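Below is one structure, written out as structure tokens, with a few remarks after it.
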Amino acid sequence: MTSKELSKGILRAVGILAGIALLIFFLYEIQSVLVYLAIAAVLSLIARPIMTFLKEKLKLPNLAAVLITMLLFVLAIFGIVSMFIPLIVQQGYNISLLNTSELHQNIKTLLVEINQYFSKRGIDITNQIKDIDIASNLKVIPSFLNTILATVGTISMGLFSVLFILFFFLKDKEILHQVFFAVTPDGKEQRLMNSLNKISKLLSRYFIGLIIQIAILFTIYSIILLVSGIESALVIAFLSAILNIIPYIGPLIGGILMITLTMTSNLEYDFQTVILPTTLWVFIGYLVAQMIDNFFSQPIIFSKSVKSHPLEIFLVIIIGGLIFGIAGMIIAVPTYTALKVIFKEYYAENQVVEQLTKDLD
């Protein structure tokens, strides 16, 4: 190899690396757009059964089916936001600057009652909480709320963008196919079409299953909190249920959230006679709900929708979490399902692929 050829090879490699770096930088800069596209794609998969029902059962034109589906999504978003308004107003009033001293005193009273309860049983937790500066921590809450309010405009813009993209995904359902076909080698189009149809079907069932799972947990949590007399029970139940989208970590965060809000909603009552029994009841109910979810809801969703063994799902979620964190845990199952379909379509003769994808027939 001459020095000229070597130089050209080095320059070519540098150019390729520079191009890859620029592509990664470009994708990083437009990550919000990519998120909007991903959310819209997921919603389009969820809307697939609705569109099928409206077009095939009710014989509606495509545009009418799209508009009705979009209206249903908007009403669902409006309903969810409306659920949070009473809780936001109530909490905003409680932790405003004018009520910081009162909230500080209520929390100190709760801590004293907890300490007295455990002290009678030979457990001293004073040393564990004496260094906590509650007052200084509470001072950051109003500024935190201001930050949240400052992001409302960004969230609104994001919501509009997602709905706008979703409209065209539903109206021109072939738009995604055309993008994939543009980068597919000649002669592979039919295999790609088979893969896309299979992925769309499986992921639609998966996301519908997740909605059913969240609905079941929301119902159980709501019953527990309503029976316990907790204020804003439906909102707390919805927050705890929606956190279950995050595998393994989500239920833990949801449980802590539910227990904390249960205790703070009863600050004016006696700890031993009201707060502790109510909290224990909610905690037991939460554990029962998680057992129902872990042993019934999740296995049915995974086995019927993505057709994967529970051990596969467990390993895939753990690997996704180790590599990409919480976001990786959330997208692990849909990504793994899509890859299984693609590998089955293009590498069906491979023994490993054959074993992993034998349930996809």
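Residues in the structure tokens are numbered from 1 in each chain, the chains being A, B, ... in the order shown, and ligands are numbered from 1 in the order shown.
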Near Phe207 (chain A), counting only C-alpha atoms, which residues have an atom at most 9 Å away, once you skip same-chain residues fewer than 6 positions from it, shown as a PyMOL selection string?
chain A and resi 42-43+45-46+305+334
Skipping near chain neighbours, those fewer than 2 positions away, what residues fall within 12 Å of region 223-227 of chain A using only C-alpha atoms, listed as a ChimeraX atom specification?
/A:216-221,229-238,240,258-259,261-263,265,278-289
Quick one: everything within 10 Å of region 37-41 of chain A, counting only C-alpha atoms, minus sequence neighbours fewer than 4 positions away in the same chain. Send it as an MDAnalysis selection string.
chainID A and resid 31:33 45:47 159 161:170 176 200
Taking C-alpha atoms for each residue, export the selection above as a JSON list (two decimals), in the first residue's frame.
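Result file follows (out_29.json):
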[["chain", "number", "residue", "atom", "x", "y", "z"],
["A", 31, "GLN", "CA", -33.86, 15.30, 20.90],
["A", 32, "SER", "CA", -37.09, 17.06, 21.86],
["A", 33, "VAL", "CA", -38.40, 16.55, 18.32],
["A", 45, "LEU", "CA", -50.29, 2.38, 18.02],
["A", 46, "ILE", "CA", -52.74, 2.80, 20.90],
["A", 47, "ALA", "CA", -55.23, 4.41, 18.52],
["A", 159, "LEU", "CA", -48.48, 18.76, 23.63],
["A", 161, "SER", "CA", -46.58, 19.27, 18.61],
["A", 162, "VAL", "CA", -47.43, 15.70, 19.60],
["A", 163, "LEU", "CA", -51.09, 16.12, 18.63],
["A", 164, "PHE", "CA", -50.12, 17.73, 15.32],
["A", 165, "ILE", "CA", -47.75, 14.87, 14.44],
["A", 166, "LEU", "CA", -50.28, 12.29, 15.65],
["A", 167, "PHE", "CA", -52.93, 13.72, 13.33],
["A", 168, "PHE", "CA", -50.80, 13.06, 10.25],
["A", 169, "PHE", "CA", -49.65, 9.67, 11.52],
["A", 170, "LEU", "CA", -53.30, 8.65, 11.75],
["A", 176, "LEU", "CA", -43.86, 5.85, 8.43],
["A", 200, "SER", "CA", -47.49, -2.61, 14.86]]
Any idea what the distance is between CA of Ala76 (chain A) and CA of Gly328 (chain A)?
26.4 Å
Between A:Met70, A:Ile10, A:Val341, A:Leu322, smallest distance to Met193 (chain A) by only C-alpha atoms belongs to A:Val341
Using only C-alpha atoms, which residues sit within 9 Å of Lys340 (chain A) once same-chain residues fewer than 5 positions away are excluded, as a JSON list (two decimals) with C-alpha atoms, in the first residue's frame?
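out_20.json, written as the output of this step:
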[["chain", "number", "residue", "atom", "x", "y", "z"],
["A", 335, "THR", "CA", -37.64, -2.30, 21.56],
["A", 345, "GLU", "CA", -38.08, -11.98, 9.35],
["A", 353, "VAL", "CA", -33.22, -16.52, 16.62],
["A", 356, "LEU", "CA", -36.23, -16.78, 20.82],
["A", 357, "THR", "CA", -38.92, -16.09, 18.23],
["A", 360, "LEU", "CA", -44.20, -15.15, 17.27]]
Close residues, Ile313 (chain A) itself excluded, 12 Å, only C-alpha atoms, min 6 positions apart in chain, as a PDB file with C-alpha atoms, in the first residue's frame:
ATOM      1  CA  PRO A 247     -40.623  -1.415  35.869  1.00  0.00           C
ATOM      2  CA  TYR A 248     -39.531  -2.335  39.405  1.00  0.00           C
ATOM      3  CA  GLN A 298     -48.194  -8.344  34.134  1.00  0.00           C
ATOM      4  CA  PRO A 299     -47.838 -12.035  33.155  1.00  0.00           C
ATOM      5  CA  ILE A 301     -49.911  -8.635  29.361  1.00  0.00           C
ATOM      6  CA  PHE A 302     -46.447  -9.923  28.484  1.00  0.00           C
ATOM      7  CA  SER A 303     -47.501 -13.413  27.447  1.00  0.00           C
ATOM      8  CA  VAL A 306     -45.398  -9.405  23.191  1.00  0.00           C
ATOM      9  CA  LYS A 307     -45.284 -13.216  23.465  1.00  0.00           C
ATOM     10  CA  ILE A 319     -30.131  -4.630  30.717  1.00  0.00           C
ATOM     11  CA  GLY A 320     -32.070  -1.628  29.420  1.00  0.00           C
ATOM     12  CA  MET A 329     -36.335   0.289  31.406  1.00  0.00           C
ATOM     13  CA  ILE A 330     -39.467   1.866  29.938  1.00  0.00           C
ATOM     14  CA  ILE A 331     -38.590   1.271  26.273  1.00  0.00           C
ATOM     15  CA  ALA A 332     -36.846  -2.087  26.812  1.00  0.00           C
ATOM     16  CA  VAL A 333     -39.849  -4.334  26.143  1.00  0.00           C
ATOM     17  CA  PRO A 334     -41.165  -2.515  23.023  1.00  0.00           C
ATOM     18  CA  THR A 335     -37.642  -2.297  21.561  1.00  0.00           C
ATOM     19  CA  TYR A 336     -36.916  -5.959  22.275  1.00  0.00           C
ATOM     20  CA  THR A 337     -40.224  -6.970  20.693  1.00  0.00           C
ATOM     21  CA  LEU A 356     -36.228 -16.779  20.817  1.00  0.00           C
TER      22      LEU A 356
END
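Once Ile342 (chain A) and its same-chain neighbours fewer than 2 positions away are set aside, Arg191, Leu192, Ser195, Leu196, Ile199, Thr337, Ala338, Leu339, Lys340, Lys344, Glu345, Tyr346 and Tyr347 of chain A remain within 9 Å of it when counting only C-alpha atoms.
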For the residues in the current selection, export N, CA and C atoms as a CSV table (one decimal), in the first residue's frame.
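New file selection07.csv:
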chain,number,residue,atom,x,y,z
A,191,ARG,N,-40.3,-8.1,3.0
A,191,ARG,CA,-40.0,-8.5,4.4
A,191,ARG,C,-40.1,-7.3,5.3
A,192,LEU,N,-39.8,-6.1,4.9
A,192,LEU,CA,-40.0,-4.9,5.7
A,192,LEU,C,-41.4,-4.7,6.1
A,195,SER,N,-42.6,-7.1,8.6
A,195,SER,CA,-42.0,-6.8,10.0
A,195,SER,C,-42.8,-5.6,10.6
A,196,LEU,N,-43.1,-4.6,9.8
A,196,LEU,CA,-43.8,-3.4,10.3
A,196,LEU,C,-45.2,-3.8,10.7
A,199,ILE,N,-44.9,-5.8,14.0
A,199,ILE,CA,-44.5,-4.9,15.1
A,199,ILE,C,-45.7,-4.1,15.5
A,337,THR,N,-39.2,-6.3,21.5
A,337,THR,CA,-40.2,-7.0,20.7
A,337,THR,C,-40.0,-6.6,19.2
A,338,ALA,N,-39.7,-5.4,18.9
A,338,ALA,CA,-39.5,-5.0,17.5
A,338,ALA,C,-38.3,-5.7,17.0
A,339,LEU,N,-37.2,-5.8,17.8
A,339,LEU,CA,-36.0,-6.5,17.3
A,339,LEU,C,-36.3,-8.0,17.0
A,340,LYS,N,-37.1,-8.6,17.9
A,340,LYS,CA,-37.4,-10.0,17.7
A,340,LYS,C,-38.1,-10.2,16.4
A,344,LYS,N,-36.5,-12.3,13.2
A,344,LYS,CA,-37.3,-13.5,12.8
A,344,LYS,C,-37.5,-13.4,11.3
A,345,GLU,N,-37.8,-12.2,10.8
A,345,GLU,CA,-38.1,-12.0,9.4
A,345,GLU,C,-36.8,-12.1,8.5
A,346,TYR,N,-35.7,-11.7,9.0
A,346,TYR,CA,-34.5,-11.7,8.2
A,346,TYR,C,-33.5,-12.8,8.5
A,347,TYR,N,-33.5,-13.3,9.7
A,347,TYR,CA,-32.6,-14.4,10.1
A,347,TYR,C,-33.3,-15.5,10.8
